[in-house]
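Written out below as structure tokens is the structure these notes cover.
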Amino acid sequence: MQEQLKITPESFRPAKKSKDNEKITRPTIGYWSDVFRRLRQNKLAMLGLFIIIILLIMSFVGPILTKLDYAEQNFLKINTLPDNENWFGTDELGRDLFTRICYGIRYSLLIGILAALLDFIIGVSYGGIAGMASHRVDSIMMRIAEIVYSIPYMLIVILISVTFSSQQGASLLTLVIAMSITGWVPMALLVRGQVLQLKQTEYALASRSLGASPSYILKKHILPNTLGPILVNLTLTIPRAIFSEATLSFLSLGLQPPQPSLGVLANDGLAVMGIDLYYQIFFPALIISLIMFAFNVLGDGLRDALDPRLRK
């Protein structure tokens with residue numbers, strides 16, 4: 001006859017966890033913590049972030065240090081070389097070039113960030129709706145996006161700038177709108193592709209089976225999982241907008257003097273470029289190059305950090 005199982009008070013007590021079990025059940029590092037850790041390990045991306053922070057500080061602190069206005073003229077110091085008072089020298093009207101470059105960084109970064117945010121809002125909304133809609137609606141929306149994207153980017157920007165600019169030149173808002181006419185399409189295509197892929201996952205199908213609406217699934221389940229590629233695309237959109245603004249201002253189609261955009265400063269430096277006045281185009285061109293370099297290496301670093309295949 002088999003022995004009966006004896007039930008004692010000790011039977012209801014939880015078993016003690018051994019040290020080995022504690023090590024196994026210890027929670028692993030979170031996704032975003034791992035992303036930031038790998039981003040910090042990317043020295044080139046950290047260099048780009050450091051350059052962006054320095055330029056931002058320079059754009060706001062520089063004019064305070066010099067105590068000069070970007071439009072203040074001093075005809076006693078026309079085209080002077082860099083010295084202790086004018087760190088980057090002066091231009092053909094005696095204006096301090098360092099102060100004008102600080103304001104130029106401010107204007108250029110503001111235009112780039114606003115254009116990138118507008119592309120983000122339009123692109124995410126359009127791509128999310130197209131990805132969640134029916135096949136016929138998705139096809140129609142994508143054909144519209146392809147028509148818009150087939151127009152050359154710089155051509156439409158120049159056309160809008162010339163059409164809506166006043167005699168004083170294009171305004172900041174006009175430049176931002178002109179850059180966003182076609183700039184939202186790459187973001188929309190990226191978001192649509194991610195939505196089409198993620199809406200077939202188990203958690204999205206489970207939420208749909210429980211009666212959730214497509215907008216709820218898109219906002220709560222799909223868009224949070226596309227945040228990585230969106231951030232990378234957003235980081236790479238900012239330098240493109242800054243370079244477009246600099247190109248338009250260099251062609252006298254963007255901000256006009258005395259507004260000190262980096263493109264305006266490069267155009268002014270080119271007009272008086274010579275052996276002794278090289279600094280007037282060197283410093284604006286250097287700042288534009290640093291901004292482009294910093295945002296591009298930071299975007300590449302974010303792309304590598306957000307890649308799940310590289311996560312350990």
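Note on naming: chains are A, B, ... as they come in the structure tokens, residues start from 1 per chain, ligands start from 1 in the order shown.
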
Need the shell around A:Glu85: protein/DNA/RNA residues with any atom at most 12 Å away, counting only C-alpha atoms. Skip same-chain ones fewer than 6 positions apart. Format as a short mmCIF file (atom, residue, chain, number, x, y, z; two decimals) with C-alpha atoms, in the first residue's frame?
data_model
loop_
_atom_site.label_atom_id
_atom_site.label_comp_id
_atom_site.auth_asym_id
_atom_site.auth_seq_id
_atom_site.Cartn_x
_atom_site.Cartn_y
_atom_site.Cartn_z
CA LEU A 65 30.39 87.96 -24.18
CA THR A 66 31.07 90.36 -27.04
CA LYS A 67 28.30 92.81 -25.99
CA LEU A 68 27.85 93.72 -29.66
CA LYS A 77 37.15 98.91 -38.17
CA ARG A 95 30.22 94.49 -38.04
CA ASP A 96 31.63 91.91 -35.65
CA LEU A 97 31.76 88.60 -37.51
CA PHE A 98 31.77 86.43 -34.39
CA THR A 99 28.49 87.96 -33.17
#

Using only C-alpha atoms, which residues sit within 9 Å of stretch 298-307 of chain A once same-chain residues fewer than 2 positions away are excluded, as a CSV table (one decimal) with C-alpha atoms, in the first residue's frame?
chain,number,residue,atom,x,y,z
A,31,TYR,CA,15.9,48.6,-24.1
A,32,TRP,CA,16.4,52.4,-24.0
A,34,ASP,CA,20.9,49.7,-23.6
A,35,VAL,CA,20.5,52.1,-26.5
A,36,PHE,CA,22.0,55.0,-24.5
A,37,ARG,CA,24.8,52.8,-23.3
A,38,ARG,CA,25.8,51.8,-26.8
A,39,LEU,CA,25.4,55.4,-28.0
A,42,ASN,CA,30.2,55.4,-30.0
A,43,LYS,CA,33.0,58.0,-29.7
A,44,LEU,CA,32.2,59.6,-33.1
A,45,ALA,CA,28.5,60.1,-32.2
A,46,MET,CA,29.5,61.6,-28.9
A,47,LEU,CA,31.8,64.0,-30.7
A,48,GLY,CA,28.9,65.0,-32.9
A,49,LEU,CA,26.7,65.6,-29.9
A,228,GLY,CA,13.8,54.3,-33.3
A,229,PRO,CA,13.8,54.7,-37.1
A,231,LEU,CA,14.4,59.4,-34.5
A,232,VAL,CA,17.2,58.5,-36.8
A,233,ASN,CA,15.3,60.0,-39.8
A,234,LEU,CA,14.5,63.1,-37.8
A,235,THR,CA,18.2,63.6,-36.9
A,236,LEU,CA,19.2,63.3,-40.5
A,293,PHE,CA,29.2,66.6,-39.7
A,294,ALA,CA,27.8,66.6,-36.2
A,295,PHE,CA,24.2,65.8,-37.1
A,296,ASN,CA,25.3,63.1,-39.6
A,309,ARG,CA,20.7,43.0,-34.1
A,310,LEU,CA,23.6,44.7,-32.3
A,311,ARG,CA,22.0,44.4,-28.9

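Closest approach to A:Leu93 from the set A:Pro258, A:Gly131, A:Pro186, A:Gly62 is made by A:Pro258, with distances taken over only C-alpha atoms.
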
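Rounded to one decimal, atom CA of A:Ser108 and atom CA of A:Ile78 lie 25.6 Å from each other.
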
Just list the residues in stretch 24-169 of chain A DSSP gives alpha helix (DSSP H) on the backbone, as a ChimeraX atom specification. /A:24-25,31-41,43-66,97-132,135-150,153-164

Can you pull out every residue within 9 Å of stretch 265-274 of chain A, counting only C-alpha atoms, but drop anything in the same chain fewer than 3 positions away, and send it as number ranges by chain? A: 91-92, 97, 100-101, 104, 246, 249-252, 257, 260-262, 277-285

Residues as selected, N, CA and C atoms, written as a compact mmCIF listing (two decimals), in the first residue's frame, can you do that?
# COMPACT_ATOMS: atom_id res chain seq x y z
N ASP A 91 33.44 92.61 -40.95
CA ASP A 91 33.12 92.55 -42.37
C ASP A 91 33.30 93.90 -43.03
N GLU A 92 32.74 94.05 -44.25
CA GLU A 92 32.96 95.27 -45.03
C GLU A 92 32.24 96.48 -44.45
N LEU A 97 32.11 89.85 -36.82
CA LEU A 97 31.76 88.60 -37.51
C LEU A 97 31.43 87.49 -36.54
N ARG A 100 27.81 87.91 -35.49
CA ARG A 100 26.92 87.57 -36.60
C ARG A 100 26.88 86.05 -36.82
N ILE A 101 27.99 85.37 -36.65
CA ILE A 101 28.01 83.92 -36.79
C ILE A 101 27.20 83.26 -35.67
N GLY A 104 23.77 83.64 -36.65
CA GLY A 104 23.56 82.78 -37.81
C GLY A 104 23.34 81.34 -37.41
N ALA A 246 21.03 77.37 -46.06
CA ALA A 246 22.30 78.01 -46.39
C ALA A 246 22.45 78.18 -47.90
N SER A 249 20.05 81.06 -49.00
CA SER A 249 20.59 82.35 -48.58
C SER A 249 21.84 82.70 -49.38
N PHE A 250 22.63 81.70 -49.72
CA PHE A 250 23.82 81.94 -50.53
C PHE A 250 23.43 82.43 -51.93
N LEU A 251 22.27 81.96 -52.41
CA LEU A 251 21.78 82.39 -53.73
C LEU A 251 20.89 83.63 -53.63
N SER A 252 20.86 84.27 -52.46
CA SER A 252 20.05 85.47 -52.20
C SER A 252 18.56 85.20 -52.32
N PRO A 257 20.23 90.19 -45.78
CA PRO A 257 20.92 91.06 -44.84
C PRO A 257 19.99 92.17 -44.34
N PRO A 260 21.61 87.62 -40.06
CA PRO A 260 22.88 86.90 -40.22
C PRO A 260 22.74 85.40 -40.26
N SER A 261 22.11 84.86 -41.30
CA SER A 261 22.11 83.42 -41.46
C SER A 261 23.48 82.96 -41.97
N LEU A 262 23.80 81.70 -41.77
CA LEU A 262 25.10 81.20 -42.19
C LEU A 262 25.27 81.30 -43.70
N LEU A 277 41.19 88.68 -46.87
CA LEU A 277 39.83 88.62 -46.32
C LEU A 277 39.26 87.21 -46.37
N TYR A 278 40.13 86.22 -46.38
CA TYR A 278 39.69 84.83 -46.48
C TYR A 278 38.83 84.42 -45.29
N TYR A 279 39.06 85.05 -44.12
CA TYR A 279 38.37 84.64 -42.90
C TYR A 279 36.87 84.90 -42.98
N GLN A 280 36.43 85.83 -43.83
CA GLN A 280 35.02 86.17 -43.89
C GLN A 280 34.18 85.06 -44.51
N ILE A 281 34.76 84.21 -45.31
CA ILE A 281 34.05 83.04 -45.83
C ILE A 281 34.51 81.75 -45.13
N PHE A 282 35.71 81.79 -44.54
CA PHE A 282 36.23 80.58 -43.89
C PHE A 282 35.41 80.20 -42.67
N PHE A 283 35.13 81.17 -41.79
CA PHE A 283 34.43 80.85 -40.54
C PHE A 283 32.98 80.41 -40.78
N PRO A 284 32.18 81.09 -41.63
CA PRO A 284 30.83 80.56 -41.90
C PRO A 284 30.85 79.18 -42.54
N ALA A 285 31.76 78.96 -43.49
CA ALA A 285 31.84 77.65 -44.13
C ALA A 285 32.26 76.58 -43.13

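The coordinates place atom CA of A:Ala178 at 25.6 Å from atom CA of A:Asp138.
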
Non-local contacts of stretch 191-201 of chain A (8 Å; only C-alpha atoms; under 4 positions in same chain excluded) as a list in words: Gly123, Val124, Gly127, Gly128, Ile129, Ala130, Gly131, Met132, Met187, Leu205, Leu218, Ile222, Leu223, Thr226 and Ile230 of chain A

Given the selection you just returned, output its residues as a file containing N, CA and C atoms, formatted as a PDB file, in the first residue's frame.
ATOM      1  N   GLY A 123       4.611  63.698 -41.879  1.00  0.00           N
ATOM      2  CA  GLY A 123       5.024  62.372 -42.335  1.00  0.00           C
ATOM      3  C   GLY A 123       4.483  61.251 -41.475  1.00  0.00           C
ATOM      4  N   VAL A 124       4.537  61.409 -40.155  1.00  0.00           N
ATOM      5  CA  VAL A 124       4.034  60.360 -39.262  1.00  0.00           C
ATOM      6  C   VAL A 124       2.520  60.216 -39.408  1.00  0.00           C
ATOM      7  N   GLY A 127       1.843  58.747 -43.106  1.00  0.00           N
ATOM      8  CA  GLY A 127       2.293  57.360 -43.214  1.00  0.00           C
ATOM      9  C   GLY A 127       1.524  56.419 -42.316  1.00  0.00           C
ATOM     10  N   GLY A 128       1.154  56.887 -41.099  1.00  0.00           N
ATOM     11  CA  GLY A 128       0.380  56.039 -40.207  1.00  0.00           C
ATOM     12  C   GLY A 128      -1.015  55.756 -40.744  1.00  0.00           C
ATOM     13  N   ILE A 129      -1.656  56.790 -41.299  1.00  0.00           N
ATOM     14  CA  ILE A 129      -2.994  56.592 -41.872  1.00  0.00           C
ATOM     15  C   ILE A 129      -2.933  55.669 -43.083  1.00  0.00           C
ATOM     16  N   ALA A 130      -1.936  55.871 -43.947  1.00  0.00           N
ATOM     17  CA  ALA A 130      -1.808  55.029 -45.133  1.00  0.00           C
ATOM     18  C   ALA A 130      -1.549  53.569 -44.760  1.00  0.00           C
ATOM     19  N   GLY A 131      -0.728  53.341 -43.744  1.00  0.00           N
ATOM     20  CA  GLY A 131      -0.419  51.969 -43.347  1.00  0.00           C
ATOM     21  C   GLY A 131      -1.596  51.243 -42.718  1.00  0.00           C
ATOM     22  N   MET A 132      -2.457  51.967 -41.995  1.00  0.00           N
ATOM     23  CA  MET A 132      -3.591  51.338 -41.326  1.00  0.00           C
ATOM     24  C   MET A 132      -4.838  51.292 -42.194  1.00  0.00           C
ATOM     25  N   MET A 187       9.746  60.637 -44.571  1.00  0.00           N
ATOM     26  CA  MET A 187       9.251  60.229 -43.254  1.00  0.00           C
ATOM     27  C   MET A 187       7.969  59.426 -43.386  1.00  0.00           C
ATOM     28  N   LEU A 205      -2.646  42.167 -33.428  1.00  0.00           N
ATOM     29  CA  LEU A 205      -3.800  41.333 -33.752  1.00  0.00           C
ATOM     30  C   LEU A 205      -4.627  41.014 -32.508  1.00  0.00           C
ATOM     31  N   LEU A 218      -2.719  52.038 -33.551  1.00  0.00           N
ATOM     32  CA  LEU A 218      -1.627  52.813 -34.123  1.00  0.00           C
ATOM     33  C   LEU A 218      -0.922  53.636 -33.058  1.00  0.00           C
ATOM     34  N   ILE A 222       1.762  50.529 -32.254  1.00  0.00           N
ATOM     35  CA  ILE A 222       2.625  50.536 -33.440  1.00  0.00           C
ATOM     36  C   ILE A 222       3.612  51.696 -33.418  1.00  0.00           C
ATOM     37  N   LEU A 223       3.121  52.939 -33.239  1.00  0.00           N
ATOM     38  CA  LEU A 223       4.020  54.095 -33.288  1.00  0.00           C
ATOM     39  C   LEU A 223       5.120  54.054 -32.219  1.00  0.00           C
ATOM     40  N   THR A 226       7.991  52.171 -33.567  1.00  0.00           N
ATOM     41  CA  THR A 226       8.688  52.755 -34.720  1.00  0.00           C
ATOM     42  C   THR A 226       9.492  53.982 -34.322  1.00  0.00           C
ATOM     43  N   ILE A 230      12.253  56.512 -36.613  1.00  0.00           N
ATOM     44  CA  ILE A 230      11.779  57.894 -36.757  1.00  0.00           C
ATOM     45  C   ILE A 230      12.806  58.870 -36.194  1.00  0.00           C
TER      46      ILE A 230
END

Just the strand (DSSP E or B) stuff from stretch 69-272 of chain A, please, per backbone DSSP, written as number ranges by chain. A: 90, 96, 166, 169

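Here atom CA of A:Gly89 and atom CA of A:Leu55 stand 18.6 Å from one another.
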
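Using only C-alpha atoms, the shortest contact distance between A:Glu146 and any of A:Ile160, A:Leu173, A:Leu117, A:Leu189 is found at A:Leu189.
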